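Structure record follows, encoded as structure tokens.
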Amino acid sequence: MKLTIERTALLKSLGHVQSVVERRNTLAILSNVLLTAGPEGLSLNATDMDLEIVETAPAEVVGEGATTAPAHTLYDIVRKLPDGAQVELSFEPEDGQLTLRSGRSRFALAALPAGEFPAMSSGAYGHTFSLAAGELRSLIDRTRFAISTEETRYYLNGIFLHAADNGGVAVLRAVATDGHRLARVEMPLPEGAAGMPSVIVPRKAVAELRKLIDEADDDITVSLSESRIRFAFGSATLTSKLIDGTFPDYERVIPTDNDKLLEADCKLLHQAVDRVSAISSEKSRAIKVSLEKGSLTLSASSPEAGSAVEEIEAGYEGPPLEIGFNSRYLLDILQQVDGDAARFAIADNASPTVVQDVADQTAVYVLMPMRV
Amino acid sequence: MLRRLPATLVNQIAAGEVVERPASALKELVENALDAGATRIDATLAEAGRSLIAVLDDGRGMTPEEMELAVERHATSKLPDDDLLDIAFLGFRGEALPSIASVARLSLTSRPRDQAADSAWRLTVEGGEKRDLVPAAHPPGTRVEVRDLFFATPARLKFLKSNRAEQAAAIDALQRLGMAHPEVAFTLSDGQRRMVDLPALPPDLLADPASARLSRLTRVLGRDFADNALAVDAEREGVRLVGHIGLPTFTRSTAQAQYLFVNGRPVRDRLLTGAVRGAYQDVLAGHRHPVLALYVEIDPREVDVNVHPAKAEVRFRDPALVRGLIVGALRHTLAQAGVRTATTVSQQALGAVRPEGSAPLARAGQGGRQGWHGGWGTWSPAPPSAEAIAAGMASQAPAANGLADQGRLAGWELPPQGRDPANQSDPAPPPEPPGADHPLGVARGQVHDTYIVAETPDGLVIVDQHAAHERLVLERMSAALAESGVPRQALLIPEVVELDPAAAERLAARAEELADLGLVLEAFGPGTLIVRETPALLGETDVQGLIRDLADELAETDHTTALKQRLGDVCATLACHGSVRAGRRLSLTEMNALLRQMEATPRSGQCNHGRPTWVRLDKTDIERLFGRR
């Protein structure tokens with residue numbers, strides 16, 4: 001195997017795949033990236049057995065072939081090479097080393113045989129549809145903050161992606177919750193997605209996917225099977241196993257008849273919560289919201305730091321009400337609201353509160369109050 | 001064929017419950033001697049009690065008629081009013097002697113206390129067969145000899161452990177009785193060697209029950225115990241709790257050295273284990289157990305001792321009251337002792353501090369930077385340092401007198417010639433004389449930017465600044481939490497936890513107590529709990545795991561410390577981040593402020609991990625180091 005590649009192209013592709021590789025592995029081959037030189041150029045493949053990214057970079061291939069080399073080391077080297085450099089990669093099966101040459105630098109890296117590299121079985125994908133990069137980004141961005149990190153409830157450790165029916169309109173929905181708050185975002189169901197299985201995309205795949213989307217501007221092709229999801233970009237493909245579990249029946253916890261409505265300027269509220277929460281104690285982050293006709297008062301107190309109060313104007317017509325929230329959860333949600341105003345639908349201080357963007361009804365956020 | 005069992009067999013079955021090993025036979029016999037009003041009890045074991053257990057007392061003794069009756073089943077003198085609810089003696093079942101007699105060769109020799117020398121008689125029973133009474137020679141009192149224990153029940157004999165283990169159990173049994181009865185002298189020997197020797201206490205000591213107890217406990221638990229024990233004395237609703245508990249820095253690796261006595265009766269009760277764990281919860285290093293002996297005095301009608309054949313367990317009519325009393329009294333006592341740490345710690349330290357010969361002194365002279373090497377390694381007093389200390393110890397000396405700038409003992413860190421006059425004029429506060437009202441003394445400086453050295457009227461105190469401050473922060477956080485309540489995060493999707501029905505019921509019964517700690521749950525059908533709110537402090541937590549831990553703990557100890565523990569862990573982590581680090585230089589004002597806070601804070605003698613936050617070197621110890629004493 002022998003090829004020459006632009007440092008920039010190699011760095012970009014390596015950057016995408018290397019983050020899949022775990023820092024510590026019990027299986028040496030999993031620390032490596034599979035390099036395959038073919039007519040298409042150089043293909044790079046990294047996996048942690050659950051998630052795989054394959055990316056092809058343009059390269060001038062002199063001799064075809066394949067090998068594997070330590071992903072993080074390789075990335076580190078390429079990153080430190082000067083901008084605009086040409087990189088020559090060569091591998092002779094006899095010496096078992098990958099040789100990297102660039103300018104006056106020469107590196108020899110321990111290679112492991114390509115044959116040992118675990119390939120994710122491709123299998124058949126029953127459903128394929130495509131959606132715009134921007135649409136997928138919006139689905140992910142507005143839900144991922146609510147993904148649970150508690151490992152024991154593994155079925156919450158991802159985004160629940162499924163087709164649903166919202167008042168007669170077929171939609172593609174992304175839902176995430178950690179048991180304290182929930183985010184539900186939807187978009188019109190893309191063509192070909194009807195009848196797709198409901199799947200849970202793991203957190204790590206979501207994070208890697210999000211990085212790839214940033215550089216994609218074309219449509220993204222999504223393929224689904226019962227156990228796998230694949231996102232195909234122009235030159236890169238991300239394949240991930242799905243979380244094998246049942247996502248809870250989230251619709252039941254989204255209240256529809258909360259009658260106390262509050263409308264507030266999103267930015268002002270965000271800033272006020274941020275300021276007042278400087279006082280609330282480090283771990284519990286409790287903040288109290290007191291509602292009165294036409295205004296909203298935020299307050300927090302801690303025996304150590306003191307207390308804080310801030311009042312802002314808000315549209316509220318209901319009876320006076322006090323409700324506690326985790327300020328971090330509140331900030332997370334307000335951050336997702338792009339429009340000027342957010343609408344809160346509240347029942348009482350022990351039941352879930354629904355938050356929506358006044359101008360955009362595609363996202364629904366549910367927040368459980370805190371008892372302080 | 002259905003038939004009534006012969007009396008011997010009945011007794012052997014009873015013996016299976018009462019006498020399971022030599023130690024239990026010894027315990028029964030010694031308890032009889034105590035009930036007979038003995039002031040001195042001498043026990044002898046041969047082959048760990050297999051071939052002989054002999055107990056000699058100077059009690060009231062028995063007449064020949066009483067002896068005949070004593071070996072009959074259910075014959076006792078200890079239930080004068082036939083009232084099982086009002087039990088004033090250790091025994092009452094009338095089972096011990098016949099049970100032992102049915103499985104061994106028993107001989108009783110006794111002379112009633114006030115009768116002539118010719119009124120002593122001996123009665124022998126072999127495997128339940130009574131022999132004739134014969135005249136004997138014996139001082140007033142009774143001698144019971146049990147030979148060849150379990151010869152009549154070979155199966156039991158096979159299940160005995162090694163001689164060493166059986167002997168240890170016998171010693172433990174006798175020591176427990178000894179701790180319960182400091183007014184009686186006890187000895188236990190194996191024919192050659194005295195294994196237990198608890199002499200009678202002088203009458204003047206006996207006049208004060210607390211010091212008599214401590215004296216006896218010290219005899220059993222070792223001299224260290226006296227130096228590290230705190231007296232407990234509390235009363236609630238007619239139940240009195242006295243005794244002595246060890247400091248949290250004086251611990252053992254097992255819970256063996258925890259003794260509970262109820263009305264003078266040694267008992268093992270998981271109530272004690274749980275209550276002790278609860279009381280010591282946040283002052284003890286993990287997996288360490290305090291040493292303590294607690295005496296509960298309670299109206300005999302409020303406690304049922306007739307629940308266990310060997311009476312090793314008792315049942316309180318109101319266990320919550322007793323548990324509350326123990327936890328409350330222990331916590332209160334520990335809090336009072338906030339600024340005491342185990343003397344063993346400072347003794348160990350002192351052991352490591354050895355006066356050095358001339359070599360280190362020479363080195364010190366050259367380098368001038370001698371001081372503490374590797375913590376407690378060696379302490380080589382370099383001449384300049386000594387001077388600096390001396391200057392410091394002359395407590396009225398003003399700051400400029402070579403004492404300290406920026407909380408450093410000058411000369412300890414700086415070479416003497418390198419001392420900058422500018423530094424000396426640094427506005428350090430003038431040191432105040434150490435007063436008696438400040439047990440931790442007055443800060444004199446800081447070494448290695450980690451330890452504060454303070455002077456007290458009678459010694460020297462060294463404080464680990466990080467450990468001490470961490471403790472202060474934690475105490476403050478716990479107090480705040482207790483005052484304002486634990487904030488609870490409601491769950492969007494309530495967590496359903498499946499348990500076995502008994503465990504679920506136990507947890508549901510404590511729902512109110514758990515809600516105070518931020519965990520709201522309710523029963524949801526048999527064996528199922530539904531958790532609606534969790535402590536916000538825990539963030540996103542493993543609810544299932546938490547509930548299971550709590551259920552296990554409730555089953556085992558009747559306590560819910562697991563939740564407090566988790567909250568405590570979070571607080572402790574925060575406290576650790578929020579406290580002064582080792583390596584941070586402190587000014588004298590800051591150091592003194594820390595010392596004063598420690599004095600004012602309960603349980604500040606040990607850090608969150610149970611290590612001491614400070615140690616004291618007495619002036620006499622220092623003098624000894626230098627050969628002045």
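In the structure tokens, chains take letters A, B, ... by order of appearance, with residues numbered from 1 within each chain and ligands from 1 in the order shown.
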**OP:** Show which residues sit within 10 Å of Glu65 (chain B), as a list in words. Count only C-alpha atoms, and ignore same-chain residues fewer than 4 positions away.
**Re:** Leu69, Ala70 and Leu133 of chain B
**OP:** Determine which residues of chain B sit within 12 Å of chain A, taking into account only C-alpha atoms, and present them as a PyMOL selection string.
**Re:** chain B and resi 473+476-496+515-516+518-520+531-546+567+570-575+577-578
**OP:** Tell me, as a PyMOL selection string, which residues lie within 12 Å of Leu157 (chain B), counting only C-alpha atoms; anything in the same chain fewer than 4 positions away does not count.
**Re:** chain B and resi 16+19-22+49-51+103-104+148-153+161-163+166
Subject >> Option closest in space to Thr142 (chain B), from B:Ile53, B:Ile171, B:Met195, B:Ala36 [counting only C-alpha atoms] >> reply: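 Of all the options, B:Ala36 lies closest to Thr142 (chain B).
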**OP:** Using DSSP on the backbone coordinates, identify all residues within region 131-368 of chain A classified as strand (DSSP E or B); present the result as a ChimeraX atom specification.
**Re:** /A:131-132,158-166,169-177,181-188,199-202,219-224,228-232,236-241,260-265,286-292,295-302,306-313,315-316,321-326,341-346,353-357,360-367
**OP:** Rank nothing, just name the residue among A:Thr36, A:Ser31, A:Ser198, A:Asn157 nearest to Leu74 (chain A), using only C-alpha atoms.
**Re:**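 Of A:Thr36, A:Ser31, A:Ser198, A:Asn157, the one nearest Leu74 (chain A) is A:Ser31, counting only C-alpha atoms.
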Subject >> Residue neighbourhood Pro70 (chain A), 8 Å, only C-alpha atoms, exclusion window fewer than 4 positions, as a ChimeraX atom specification >> reply: /A:31-33,74,109-111
**OP:** Write out as an MDAnalysis selection string which residues come within 10 Å of Pro82 (chain A) when counting only C-alpha atoms, dropping same-chain ones fewer than 2 positions away.
**Re:** chainID A and resid 7:8 78:80 84:86 102:103
For the residues in the current selection, export N, CA, C and O atoms as a PDB file, in the first residue's frame.
```pdb
ATOM      1  N   ARG A   7      -2.308  16.988   3.552  1.00  0.00           N
ATOM      2  CA  ARG A   7      -2.417  16.963   5.017  1.00  0.00           C
ATOM      3  C   ARG A   7      -3.809  17.418   5.482  1.00  0.00           C
ATOM      4  O   ARG A   7      -4.404  16.820   6.371  1.00  0.00           O
ATOM      5  N   THR A   8      -4.358  18.470   4.821  1.00  0.00           N
ATOM      6  CA  THR A   8      -5.654  19.010   5.233  1.00  0.00           C
ATOM      7  C   THR A   8      -6.754  17.962   5.084  1.00  0.00           C
ATOM      8  O   THR A   8      -7.588  17.794   5.980  1.00  0.00           O
ATOM      9  N   VAL A  78      -0.433  14.004  12.345  1.00  0.00           N
ATOM     10  CA  VAL A  78      -0.927  14.764  11.191  1.00  0.00           C
ATOM     11  C   VAL A  78      -1.305  16.182  11.616  1.00  0.00           C
ATOM     12  O   VAL A  78      -1.087  17.158  10.904  1.00  0.00           O
ATOM     13  N   ARG A  79      -1.853  16.298  12.821  1.00  0.00           N
ATOM     14  CA  ARG A  79      -2.267  17.601  13.330  1.00  0.00           C
ATOM     15  C   ARG A  79      -1.057  18.539  13.449  1.00  0.00           C
ATOM     16  O   ARG A  79      -1.167  19.739  13.257  1.00  0.00           O
ATOM     17  N   LYS A  80       0.097  17.956  13.776  1.00  0.00           N
ATOM     18  CA  LYS A  80       1.269  18.796  14.021  1.00  0.00           C
ATOM     19  C   LYS A  80       2.094  19.060  12.759  1.00  0.00           C
ATOM     20  O   LYS A  80       3.065  19.815  12.812  1.00  0.00           O
ATOM     21  N   GLY A  84      -0.614  22.622   4.544  1.00  0.00           N
ATOM     22  CA  GLY A  84      -0.272  22.492   3.135  1.00  0.00           C
ATOM     23  C   GLY A  84       0.722  21.405   2.816  1.00  0.00           C
ATOM     24  O   GLY A  84       1.111  21.228   1.665  1.00  0.00           O
ATOM     25  N   ALA A  85       1.126  20.650   3.813  1.00  0.00           N
ATOM     26  CA  ALA A  85       2.112  19.598   3.580  1.00  0.00           C
ATOM     27  C   ALA A  85       1.489  18.427   2.823  1.00  0.00           C
ATOM     28  O   ALA A  85       0.279  18.215   2.864  1.00  0.00           O
ATOM     29  N   GLN A  86       2.303  17.690   2.124  1.00  0.00           N
ATOM     30  CA  GLN A  86       1.877  16.449   1.480  1.00  0.00           C
ATOM     31  C   GLN A  86       2.308  15.296   2.379  1.00  0.00           C
ATOM     32  O   GLN A  86       3.407  15.304   2.929  1.00  0.00           O
ATOM     33  N   SER A 102       6.604  13.076   5.495  1.00  0.00           N
ATOM     34  CA  SER A 102       6.119  14.398   5.117  1.00  0.00           C
ATOM     35  C   SER A 102       7.267  15.355   5.312  1.00  0.00           C
ATOM     36  O   SER A 102       7.806  15.471   6.418  1.00  0.00           O
ATOM     37  N   GLY A 103       7.658  16.034   4.214  1.00  0.00           N
ATOM     38  CA  GLY A 103       8.816  16.915   4.298  1.00  0.00           C
ATOM     39  C   GLY A 103       9.999  16.138   4.825  1.00  0.00           C
ATOM     40  O   GLY A 103      10.350  15.089   4.315  1.00  0.00           O
TER      41      GLY A 103
END
```
**OP:** Just the alpha helix (DSSP H) stuff from region 148-277 of chain A, please, per backbone DSSP, written as a PyMOL selection string.
**Re:** chain A and resi 203-215+266-276
Emit the selected residues as a tab-separated table (two decimals), in the first residue's frame, including N, CA, C and O atoms.
```tsv
chain	number	residue	atom	x	y	z
A	203	ARG	N	-26.33	8.00	22.79
A	203	ARG	CA	-25.77	9.33	23.01
A	203	ARG	C	-24.47	9.55	22.25
A	203	ARG	O	-24.25	10.59	21.64
A	204	LYS	N	-23.58	8.55	22.26
A	204	LYS	CA	-22.28	8.74	21.60
A	204	LYS	C	-22.47	8.93	20.10
A	204	LYS	O	-21.81	9.78	19.49
A	205	ALA	N	-23.38	8.14	19.51
A	205	ALA	CA	-23.63	8.28	18.08
A	205	ALA	C	-24.17	9.67	17.79
A	205	ALA	O	-23.81	10.30	16.80
A	206	VAL	N	-25.04	10.16	18.69
A	206	VAL	CA	-25.62	11.50	18.50
A	206	VAL	C	-24.51	12.54	18.48
A	206	VAL	O	-24.47	13.43	17.63
A	207	ALA	N	-23.56	12.40	19.40
A	207	ALA	CA	-22.48	13.39	19.49
A	207	ALA	C	-21.61	13.36	18.23
A	207	ALA	O	-21.25	14.42	17.68
A	208	GLU	N	-21.27	12.17	17.76
A	208	GLU	CA	-20.43	12.07	16.55
A	208	GLU	C	-21.19	12.56	15.33
A	208	GLU	O	-20.63	13.24	14.46
A	209	LEU	N	-22.45	12.21	15.29
A	209	LEU	CA	-23.30	12.61	14.17
A	209	LEU	C	-23.33	14.14	14.08
A	209	LEU	O	-23.21	14.74	13.01
A	210	ARG	N	-23.48	14.74	15.25
A	210	ARG	CA	-23.59	16.20	15.30
A	210	ARG	C	-22.34	16.87	14.71
A	210	ARG	O	-22.43	17.87	14.01
A	211	LYS	N	-21.18	16.27	14.97
A	211	LYS	CA	-19.93	16.83	14.42
A	211	LYS	C	-19.92	16.73	12.90
A	211	LYS	O	-19.49	17.65	12.21
A	212	LEU	N	-20.39	15.58	12.40
A	212	LEU	CA	-20.38	15.38	10.95
A	212	LEU	C	-21.35	16.32	10.26
A	212	LEU	O	-21.08	16.83	9.17
A	213	ILE	N	-22.50	16.57	10.91
A	213	ILE	CA	-23.51	17.42	10.28
A	213	ILE	C	-22.95	18.82	10.03
A	213	ILE	O	-23.25	19.46	9.02
A	214	ASP	N	-22.12	19.28	10.97
A	214	ASP	CA	-21.60	20.63	10.85
A	214	ASP	C	-20.91	20.88	9.52
A	214	ASP	O	-20.89	21.99	9.03
A	215	GLU	N	-20.33	19.84	8.96
A	215	GLU	CA	-19.60	20.04	7.72
A	215	GLU	C	-20.38	19.57	6.51
A	215	GLU	O	-19.90	19.63	5.39
A	266	CYS	N	-37.94	35.55	26.05
A	266	CYS	CA	-37.05	34.44	26.29
A	266	CYS	C	-35.67	34.89	26.75
A	266	CYS	O	-35.09	34.34	27.69
A	267	LYS	N	-35.14	35.90	26.05
A	267	LYS	CA	-33.79	36.35	26.37
A	267	LYS	C	-33.72	36.95	27.77
A	267	LYS	O	-32.82	36.64	28.56
A	268	LEU	N	-34.69	37.83	28.05
A	268	LEU	CA	-34.71	38.47	29.37
A	268	LEU	C	-34.81	37.43	30.48
A	268	LEU	O	-34.11	37.50	31.49
A	269	LEU	N	-35.68	36.46	30.25
A	269	LEU	CA	-35.88	35.43	31.27
A	269	LEU	C	-34.60	34.62	31.46
A	269	LEU	O	-34.19	34.33	32.59
A	270	HIS	N	-33.98	34.26	30.34
A	270	HIS	CA	-32.75	33.48	30.42
A	270	HIS	C	-31.69	34.21	31.24
A	270	HIS	O	-31.06	33.65	32.13
A	271	GLN	N	-31.53	35.50	30.91
A	271	GLN	CA	-30.52	36.28	31.63
A	271	GLN	C	-30.86	36.39	33.11
A	271	GLN	O	-29.98	36.27	33.98
A	272	ALA	N	-32.13	36.61	33.40
A	272	ALA	CA	-32.53	36.77	34.80
A	272	ALA	C	-32.30	35.47	35.58
A	272	ALA	O	-31.77	35.48	36.71
A	273	VAL	N	-32.68	34.34	34.99
A	273	VAL	CA	-32.49	33.06	35.67
A	273	VAL	C	-31.00	32.83	35.91
A	273	VAL	O	-30.58	32.41	36.99
A	274	ASP	N	-30.23	33.15	34.89
A	274	ASP	CA	-28.80	32.96	35.00
A	274	ASP	C	-28.22	33.78	36.16
A	274	ASP	O	-27.41	33.29	36.95
A	275	ARG	N	-28.66	35.03	36.27
A	275	ARG	CA	-28.16	35.89	37.35
A	275	ARG	C	-28.60	35.39	38.72
A	275	ARG	O	-27.79	35.24	39.63
A	276	VAL	N	-29.90	35.13	38.85
A	276	VAL	CA	-30.43	34.75	40.17
A	276	VAL	C	-29.83	33.42	40.63
A	276	VAL	O	-29.55	33.22	41.81
```
Original post:
Do you know which residues are at most 10 Å from Leu98 (chain A) counting only C-alpha atoms, after dropping those on the same chain fewer than 2 positions away, and could you put them as a list of chain:residue names?
Top reply: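 The residues that qualify are A:Met1, A:Lys2, A:Thr67, A:Thr68, A:Ala69, A:Pro70, A:Leu89, A:Ser90, A:Phe91, A:Glu92, A:Pro93, A:Asp95, A:Gly96, A:Leu100, A:Arg101, A:Phe107, A:Ala108, A:Leu109, A:Ala110, A:Ala111, A:Leu112.
The gap separating CA of Ala275 (chain B) from CA of Ala467 (chain B) is 26.4 Å, in Å to one decimal.
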Original post:
Which neighbours of Phe186 (chain B) fall inside 12 Å, counting only C-alpha atoms, when residues of the same chain fewer than 5 positions from it are skipped, and could you give them as a VMD selection string?
Top reply: chain B and resid 30 to 31 33 to 34 38 to 44 55 to 58 171 173 to 181 194 to 201 216 219 to 220
Original post:
Distance CA of Ala320 (chain B)-CA of Gly246 (chain B), one decimal place?
Top reply: 23.5 Å
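Going from CA of Glu60 (chain A) over to CA of Thr4 (chain A), you cover 5.2 Å.
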